[in-house]
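Asker: One structure is given below, represented as structure tokens, and several questions about it will come after.
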Amino acid sequence: MKAKNIVINPKRCKRCGLCVFICPKKVYSQNEADEVIIDHLDQCIVCMMCQNVCPDFAIEVEKENE
């Protein structure tokens, strides 16, 4: 299964980097302002670890078949 899209709510994200750290496929990175960037959406395996670890509910992973 692949991700169709990953939505990061900038109003909720506090730029903690937990999603960057926990992602097994290194889908994310952070820029100079510590904003989370989705670098490799095509590598996402929809494990939902990023969405589940986010303390601010700022990430929504949308599956291809939804």
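Residues are referred to by chain and number: the chain letter is A, B, ... according to the order shown in the structure tokens, the number counts from 1 in that chain, and ligands are numbered separately from 1 in the order shown.
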With only C-alpha atoms counted and 12 Å as the cut-off, give the residues of segment 36-66 of chain A in contact with segment 18-21 of chain A, each with its shortest interatomic distance in Å and the pair that gives it, as JSON lines.

Answerer:
```
{"residue": "A:Val36", "atom": "CA", "partner": "A:Val20", "partner_atom": "CA", "distance": 7.5}
{"residue": "A:Ile37", "atom": "CA", "partner": "A:Val20", "partner_atom": "CA", "distance": 8.9}
{"residue": "A:Ile38", "atom": "CA", "partner": "A:Val20", "partner_atom": "CA", "distance": 9.3}
{"residue": "A:Asp39", "atom": "CA", "partner": "A:Val20", "partner_atom": "CA", "distance": 10.5}
{"residue": "A:His40", "atom": "CA", "partner": "A:Val20", "partner_atom": "CA", "distance": 11.6}
{"residue": "A:Cys47", "atom": "CA", "partner": "A:Cys19", "partner_atom": "CA", "distance": 11.8}
{"residue": "A:Met48", "atom": "CA", "partner": "A:Cys19", "partner_atom": "CA", "distance": 9.9}
{"residue": "A:Met49", "atom": "CA", "partner": "A:Cys19", "partner_atom": "CA", "distance": 7.6}
{"residue": "A:Cys50", "atom": "CA", "partner": "A:Cys19", "partner_atom": "CA", "distance": 4.6}
{"residue": "A:Gln51", "atom": "CA", "partner": "A:Cys19", "partner_atom": "CA", "distance": 7.6}
{"residue": "A:Asn52", "atom": "CA", "partner": "A:Cys19", "partner_atom": "CA", "distance": 9.0}
{"residue": "A:Val53", "atom": "CA", "partner": "A:Cys19", "partner_atom": "CA", "distance": 6.9}
{"residue": "A:Cys54", "atom": "CA", "partner": "A:Cys19", "partner_atom": "CA", "distance": 6.6}
{"residue": "A:Pro55", "atom": "CA", "partner": "A:Leu18", "partner_atom": "CA", "distance": 8.8}
{"residue": "A:Asp56", "atom": "CA", "partner": "A:Leu18", "partner_atom": "CA", "distance": 10.8}
{"residue": "A:Phe57", "atom": "CA", "partner": "A:Cys19", "partner_atom": "CA", "distance": 11.1}
{"residue": "A:Ala58", "atom": "CA", "partner": "A:Cys19", "partner_atom": "CA", "distance": 10.1}
{"residue": "A:Ile59", "atom": "CA", "partner": "A:Cys19", "partner_atom": "CA", "distance": 8.7}
{"residue": "A:Glu60", "atom": "CA", "partner": "A:Cys19", "partner_atom": "CA", "distance": 11.5}
{"residue": "A:Val61", "atom": "CA", "partner": "A:Cys19", "partner_atom": "CA", "distance": 11.8}
```

Asker: Could you save those same residues with all heavy atoms as a short mmCIF file (atom, residue, chain, number, x, y, z; two decimals), in the first residue's frame?

Answerer:
```cif
data_model
loop_
_atom_site.label_atom_id
_atom_site.label_comp_id
_atom_site.auth_asym_id
_atom_site.auth_seq_id
_atom_site.Cartn_x
_atom_site.Cartn_y
_atom_site.Cartn_z
N VAL A 36 8.68 20.78 8.82
CA VAL A 36 8.75 19.42 8.29
C VAL A 36 8.44 19.45 6.80
O VAL A 36 7.45 20.03 6.36
CB VAL A 36 7.78 18.49 9.04
CG1 VAL A 36 7.79 17.10 8.42
CG2 VAL A 36 8.16 18.41 10.51
N ILE A 37 9.30 18.80 6.02
CA ILE A 37 9.17 18.73 4.57
C ILE A 37 8.95 17.27 4.18
O ILE A 37 9.63 16.37 4.68
CB ILE A 37 10.47 19.23 3.89
CG1 ILE A 37 10.87 20.60 4.40
CG2 ILE A 37 10.33 19.20 2.37
CD1 ILE A 37 9.90 21.70 4.12
N ILE A 38 8.01 17.05 3.27
CA ILE A 38 7.78 15.71 2.73
C ILE A 38 8.67 15.56 1.51
O ILE A 38 8.39 16.11 0.45
CB ILE A 38 6.30 15.51 2.38
CG1 ILE A 38 5.43 15.74 3.61
CG2 ILE A 38 6.07 14.11 1.81
CD1 ILE A 38 3.98 15.96 3.30
N ASP A 39 9.76 14.85 1.67
CA ASP A 39 10.75 14.71 0.60
C ASP A 39 10.48 13.54 -0.33
O ASP A 39 10.74 13.62 -1.53
CB ASP A 39 12.15 14.51 1.20
CG ASP A 39 12.74 15.78 1.74
OD1 ASP A 39 12.44 16.86 1.22
OD2 ASP A 39 13.51 15.68 2.71
N HIS A 40 9.99 12.44 0.21
CA HIS A 40 9.88 11.20 -0.56
C HIS A 40 8.53 10.53 -0.34
O HIS A 40 8.46 9.42 0.19
CB HIS A 40 11.01 10.25 -0.19
CG HIS A 40 12.37 10.84 -0.32
ND1 HIS A 40 12.96 11.06 -1.55
CD2 HIS A 40 13.25 11.30 0.61
CE1 HIS A 40 14.15 11.62 -1.37
NE2 HIS A 40 14.34 11.77 -0.07
N CYS A 47 2.76 3.12 7.14
CA CYS A 47 2.86 2.43 8.43
C CYS A 47 2.16 3.22 9.53
O CYS A 47 1.87 2.68 10.59
CB CYS A 47 4.32 2.18 8.80
SG CYS A 47 5.27 3.68 9.14
N MET A 48 1.90 4.50 9.27
CA MET A 48 1.17 5.40 10.16
C MET A 48 1.94 5.76 11.42
O MET A 48 1.39 6.35 12.34
CB MET A 48 -0.19 4.82 10.54
CG MET A 48 -1.03 4.37 9.36
SD MET A 48 -1.45 5.70 8.24
CE MET A 48 -2.86 6.36 9.07
N MET A 49 3.22 5.41 11.48
CA MET A 49 4.01 5.72 12.68
C MET A 49 4.10 7.24 12.90
O MET A 49 3.99 7.70 14.02
CB MET A 49 5.39 5.09 12.58
CG MET A 49 5.35 3.59 12.70
SD MET A 49 6.94 2.79 12.42
CE MET A 49 7.88 3.35 13.81
N CYS A 50 4.25 7.99 11.83
CA CYS A 50 4.35 9.45 11.95
C CYS A 50 3.06 10.03 12.50
O CYS A 50 3.07 10.87 13.41
CB CYS A 50 4.69 10.09 10.61
SG CYS A 50 3.50 9.74 9.29
N GLN A 51 1.95 9.57 11.96
CA GLN A 51 0.65 10.07 12.39
C GLN A 51 0.38 9.69 13.85
O GLN A 51 -0.14 10.48 14.62
CB GLN A 51 -0.45 9.51 11.48
CG GLN A 51 -1.83 10.05 11.77
CD GLN A 51 -2.84 9.62 10.72
OE1 GLN A 51 -2.61 9.79 9.54
NE2 GLN A 51 -3.95 9.06 11.15
N ASN A 52 0.75 8.48 14.22
CA ASN A 52 0.50 8.01 15.58
C ASN A 52 1.41 8.64 16.62
O ASN A 52 1.02 8.79 17.77
CB ASN A 52 0.62 6.48 15.64
CG ASN A 52 -0.47 5.81 14.86
OD1 ASN A 52 -1.56 6.34 14.69
ND2 ASN A 52 -0.19 4.62 14.35
N VAL A 53 2.64 9.00 16.25
CA VAL A 53 3.58 9.56 17.21
C VAL A 53 3.40 11.08 17.38
O VAL A 53 3.82 11.64 18.39
CB VAL A 53 5.04 9.23 16.82
CG1 VAL A 53 5.52 10.11 15.67
CG2 VAL A 53 5.96 9.37 18.01
N CYS A 54 2.74 11.73 16.45
CA CYS A 54 2.61 13.19 16.50
C CYS A 54 1.78 13.61 17.72
O CYS A 54 0.60 13.29 17.82
CB CYS A 54 1.95 13.71 15.23
SG CYS A 54 1.80 15.50 15.21
N PRO A 55 2.39 14.36 18.64
CA PRO A 55 1.68 14.76 19.86
C PRO A 55 0.61 15.82 19.61
O PRO A 55 -0.26 16.04 20.46
CB PRO A 55 2.79 15.30 20.76
CG PRO A 55 3.85 15.75 19.82
CD PRO A 55 3.78 14.83 18.64
N ASP A 56 0.64 16.44 18.45
CA ASP A 56 -0.30 17.53 18.16
C ASP A 56 -1.31 17.19 17.08
O ASP A 56 -2.03 18.07 16.61
CB ASP A 56 0.50 18.77 17.76
CG ASP A 56 1.43 19.21 18.87
OD1 ASP A 56 0.94 19.45 19.98
OD2 ASP A 56 2.66 19.27 18.64
N PHE A 57 -1.35 15.93 16.67
CA PHE A 57 -2.29 15.47 15.64
C PHE A 57 -2.19 16.34 14.38
O PHE A 57 -3.20 16.71 13.78
CB PHE A 57 -3.73 15.45 16.17
CG PHE A 57 -3.87 14.66 17.44
CD1 PHE A 57 -3.94 15.30 18.67
CD2 PHE A 57 -3.90 13.27 17.41
CE1 PHE A 57 -4.07 14.57 19.84
CE2 PHE A 57 -4.03 12.54 18.58
CZ PHE A 57 -4.11 13.19 19.80
N ALA A 58 -0.97 16.65 13.98
CA ALA A 58 -0.73 17.55 12.85
C ALA A 58 -0.54 16.81 11.52
O ALA A 58 -0.49 17.45 10.49
CB ALA A 58 0.50 18.40 13.13
N ILE A 59 -0.45 15.48 11.55
CA ILE A 59 -0.18 14.71 10.33
C ILE A 59 -1.36 13.81 10.00
O ILE A 59 -1.89 13.12 10.86
CB ILE A 59 1.09 13.84 10.50
CG1 ILE A 59 2.29 14.71 10.79
CG2 ILE A 59 1.32 12.98 9.25
CD1 ILE A 59 3.55 13.94 11.09
N GLU A 60 -1.72 13.83 8.72
CA GLU A 60 -2.75 12.91 8.23
C GLU A 60 -2.20 12.22 6.98
O GLU A 60 -1.88 12.89 6.00
CB GLU A 60 -4.04 13.65 7.89
CG GLU A 60 -5.12 12.72 7.42
CD GLU A 60 -6.41 13.43 7.08
OE1 GLU A 60 -6.53 14.65 7.35
OE2 GLU A 60 -7.29 12.78 6.52
N VAL A 61 -2.09 10.92 7.06
CA VAL A 61 -1.62 10.12 5.93
C VAL A 61 -2.84 9.61 5.18
O VAL A 61 -3.70 8.93 5.77
CB VAL A 61 -0.74 8.93 6.40
CG1 VAL A 61 -0.30 8.10 5.21
CG2 VAL A 61 0.46 9.43 7.18
#
```

Asker: What are the DSSP strand (DSSP E or B) residues of chain A, as a list in words?

Answerer: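 In chain A, DSSP puts these residues in strand (DSSP E or B): Ala3, Lys4, Asn5, Ile6, Val7, Ile8, Tyr28, Ser29, Gln30, Val36, Ile37, Ile38, Ile59, Glu60, Val61, Glu62 and Lys63 of chain A.
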
Asker: Given the selection you just returned, output its residues as a file containing all heavy atoms, formatted as a compact mmCIF listing (two decimals), in the first residue's frame.

Answerer:
```txt
# COMPACT_ATOMS: atom_id res chain seq x y z
N ALA A 3 1.02 5.75 -0.02
CA ALA A 3 0.31 6.95 0.39
C ALA A 3 -0.06 7.77 -0.83
O ALA A 3 0.75 7.93 -1.75
CB ALA A 3 1.16 7.77 1.33
N LYS A 4 -1.28 8.26 -0.84
CA LYS A 4 -1.71 9.18 -1.89
C LYS A 4 -1.22 10.58 -1.58
O LYS A 4 -0.80 11.32 -2.45
CB LYS A 4 -3.23 9.15 -2.01
CG LYS A 4 -3.79 10.12 -3.03
CD LYS A 4 -5.28 9.94 -3.25
CE LYS A 4 -6.06 10.48 -2.08
NZ LYS A 4 -7.50 10.51 -2.32
N ASN A 5 -1.25 10.92 -0.29
CA ASN A 5 -0.86 12.26 0.14
C ASN A 5 -0.58 12.22 1.64
O ASN A 5 -1.10 11.38 2.36
CB ASN A 5 -1.97 13.26 -0.17
CG ASN A 5 -1.50 14.69 -0.05
OD1 ASN A 5 -0.31 14.98 -0.13
ND2 ASN A 5 -2.43 15.60 0.14
N ILE A 6 0.24 13.14 2.08
CA ILE A 6 0.47 13.36 3.51
C ILE A 6 0.23 14.83 3.76
O ILE A 6 0.82 15.68 3.10
CB ILE A 6 1.90 12.98 3.94
CG1 ILE A 6 2.16 11.50 3.67
CG2 ILE A 6 2.11 13.31 5.41
CD1 ILE A 6 3.60 11.07 3.89
N VAL A 7 -0.67 15.12 4.68
CA VAL A 7 -1.02 16.50 4.99
C VAL A 7 -0.45 16.84 6.37
O VAL A 7 -0.70 16.13 7.34
CB VAL A 7 -2.55 16.71 4.99
CG1 VAL A 7 -2.90 18.14 5.36
CG2 VAL A 7 -3.14 16.34 3.65
N ILE A 8 0.33 17.91 6.42
CA ILE A 8 0.86 18.40 7.68
C ILE A 8 0.20 19.74 7.96
O ILE A 8 0.36 20.69 7.18
CB ILE A 8 2.38 18.55 7.64
CG1 ILE A 8 3.03 17.20 7.37
CG2 ILE A 8 2.90 19.13 8.96
CD1 ILE A 8 4.52 17.24 7.13
N TYR A 28 10.46 12.16 5.47
CA TYR A 28 10.50 13.56 5.90
C TYR A 28 11.91 14.08 6.14
O TYR A 28 12.83 13.33 6.41
CB TYR A 28 9.74 13.72 7.23
CG TYR A 28 8.35 13.19 7.24
CD1 TYR A 28 8.07 11.93 7.75
CD2 TYR A 28 7.29 13.95 6.75
CE1 TYR A 28 6.77 11.44 7.78
CE2 TYR A 28 6.00 13.47 6.77
CZ TYR A 28 5.74 12.22 7.29
OH TYR A 28 4.46 11.73 7.31
N SER A 29 12.00 15.41 6.11
CA SER A 29 13.19 16.12 6.58
C SER A 29 12.71 17.43 7.18
O SER A 29 11.51 17.71 7.17
CB SER A 29 14.18 16.37 5.43
OG SER A 29 13.64 17.29 4.51
N GLN A 30 13.63 18.20 7.70
CA GLN A 30 13.30 19.51 8.23
C GLN A 30 14.20 20.55 7.59
O GLN A 30 15.39 20.31 7.39
CB GLN A 30 13.46 19.55 9.76
CG GLN A 30 12.33 18.84 10.48
CD GLN A 30 12.47 18.90 11.99
OE1 GLN A 30 13.31 18.20 12.54
NE2 GLN A 30 11.66 19.72 12.63
N VAL A 36 8.68 20.78 8.82
CA VAL A 36 8.75 19.42 8.29
C VAL A 36 8.44 19.45 6.80
O VAL A 36 7.45 20.03 6.36
CB VAL A 36 7.78 18.49 9.04
CG1 VAL A 36 7.79 17.10 8.42
CG2 VAL A 36 8.16 18.41 10.51
N ILE A 37 9.30 18.80 6.02
CA ILE A 37 9.17 18.73 4.57
C ILE A 37 8.95 17.27 4.18
O ILE A 37 9.63 16.37 4.68
CB ILE A 37 10.47 19.23 3.89
CG1 ILE A 37 10.87 20.60 4.40
CG2 ILE A 37 10.33 19.20 2.37
CD1 ILE A 37 9.90 21.70 4.12
N ILE A 38 8.01 17.05 3.27
CA ILE A 38 7.78 15.71 2.73
C ILE A 38 8.67 15.56 1.51
O ILE A 38 8.39 16.11 0.45
CB ILE A 38 6.30 15.51 2.38
CG1 ILE A 38 5.43 15.74 3.61
CG2 ILE A 38 6.07 14.11 1.81
CD1 ILE A 38 3.98 15.96 3.30
N ILE A 59 -0.45 15.48 11.55
CA ILE A 59 -0.18 14.71 10.33
C ILE A 59 -1.36 13.81 10.00
O ILE A 59 -1.89 13.12 10.86
CB ILE A 59 1.09 13.84 10.50
CG1 ILE A 59 2.29 14.71 10.79
CG2 ILE A 59 1.32 12.98 9.25
CD1 ILE A 59 3.55 13.94 11.09
N GLU A 60 -1.72 13.83 8.72
CA GLU A 60 -2.75 12.91 8.23
C GLU A 60 -2.20 12.22 6.98
O GLU A 60 -1.88 12.89 6.00
CB GLU A 60 -4.04 13.65 7.89
CG GLU A 60 -5.12 12.72 7.42
CD GLU A 60 -6.41 13.43 7.08
OE1 GLU A 60 -6.53 14.65 7.35
OE2 GLU A 60 -7.29 12.78 6.52
N VAL A 61 -2.09 10.92 7.06
CA VAL A 61 -1.62 10.12 5.93
C VAL A 61 -2.84 9.61 5.18
O VAL A 61 -3.70 8.93 5.77
CB VAL A 61 -0.74 8.93 6.40
CG1 VAL A 61 -0.30 8.10 5.21
CG2 VAL A 61 0.46 9.43 7.18
N GLU A 62 -2.93 9.96 3.91
CA GLU A 62 -4.05 9.52 3.07
C GLU A 62 -3.59 8.35 2.21
O GLU A 62 -2.63 8.47 1.46
CB GLU A 62 -4.53 10.67 2.18
CG GLU A 62 -5.04 11.85 2.96
CD GLU A 62 -5.36 13.06 2.09
OE1 GLU A 62 -5.15 12.99 0.86
OE2 GLU A 62 -5.81 14.07 2.64
N LYS A 63 -4.29 7.25 2.32
CA LYS A 63 -3.95 6.04 1.55
C LYS A 63 -4.45 6.16 0.12
O LYS A 63 -5.45 6.84 -0.14
CB LYS A 63 -4.56 4.81 2.21
CG LYS A 63 -4.08 4.58 3.62
CD LYS A 63 -4.83 3.45 4.26
CE LYS A 63 -4.46 3.36 5.73
NZ LYS A 63 -5.30 2.41 6.46
```

Asker: If you measure from atom CA of Lys2 of chain A to atom CA of Ile22 of chain A, what distance in Å do you get, rounded to one decimal?

Answerer: 17.6 Å

Asker: For Lys25 of chain A, work out the shell of residues within 8 Å, counting only C-alpha atoms and skipping chain neighbours fewer than 5 positions away, then give it as a PDB file with N, CA, C and O atoms, in the first residue's frame.

Answerer:
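Here's the written file selection-v8.pdb:
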```
ATOM      1  N   GLN A  43       8.080   6.922  -1.205  1.00  0.00           N
ATOM      2  CA  GLN A  43       8.687   5.894  -0.352  1.00  0.00           C
ATOM      3  C   GLN A  43       7.795   5.495   0.830  1.00  0.00           C
ATOM      4  O   GLN A  43       8.068   4.517   1.516  1.00  0.00           O
ATOM      5  N   CYS A  44       6.728   6.271   1.063  1.00  0.00           N
ATOM      6  CA  CYS A  44       5.846   6.021   2.212  1.00  0.00           C
ATOM      7  C   CYS A  44       5.162   4.662   2.083  1.00  0.00           C
ATOM      8  O   CYS A  44       4.577   4.343   1.046  1.00  0.00           O
ATOM      9  N   ILE A  45       5.220   3.865   3.152  1.00  0.00           N
ATOM     10  CA  ILE A  45       4.601   2.540   3.168  1.00  0.00           C
ATOM     11  C   ILE A  45       3.325   2.524   4.016  1.00  0.00           C
ATOM     12  O   ILE A  45       2.795   1.466   4.327  1.00  0.00           O
TER      13      ILE A  45
END
```

Asker: What parts of chain A does DSSP call helix (DSSP H, G or I)? I'd like the answer as a list in words.

Answerer: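 So, restricting chain A to helix (DSSP H, G or I), we get Leu18, Cys19, Val20, Phe21, Ile22, Leu41, Asp42, Gln43, Met49, Cys50, Gln51, Asn52 and Val53 of chain A.
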
Asker: To one decimal place in Å, what is the distance between atom CA of Cys16 of chain A and atom CA of Asp34 of chain A?

Answerer: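 So the answer is 8.0 Å.
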
Asker: Which distance in Å separates atom CA of Gly17 of chain A and atom CA of Met1 of chain A, to one decimal?

Answerer: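 Atom CA of Gly17 of chain A sits 24.4 Å away from atom CA of Met1 of chain A.
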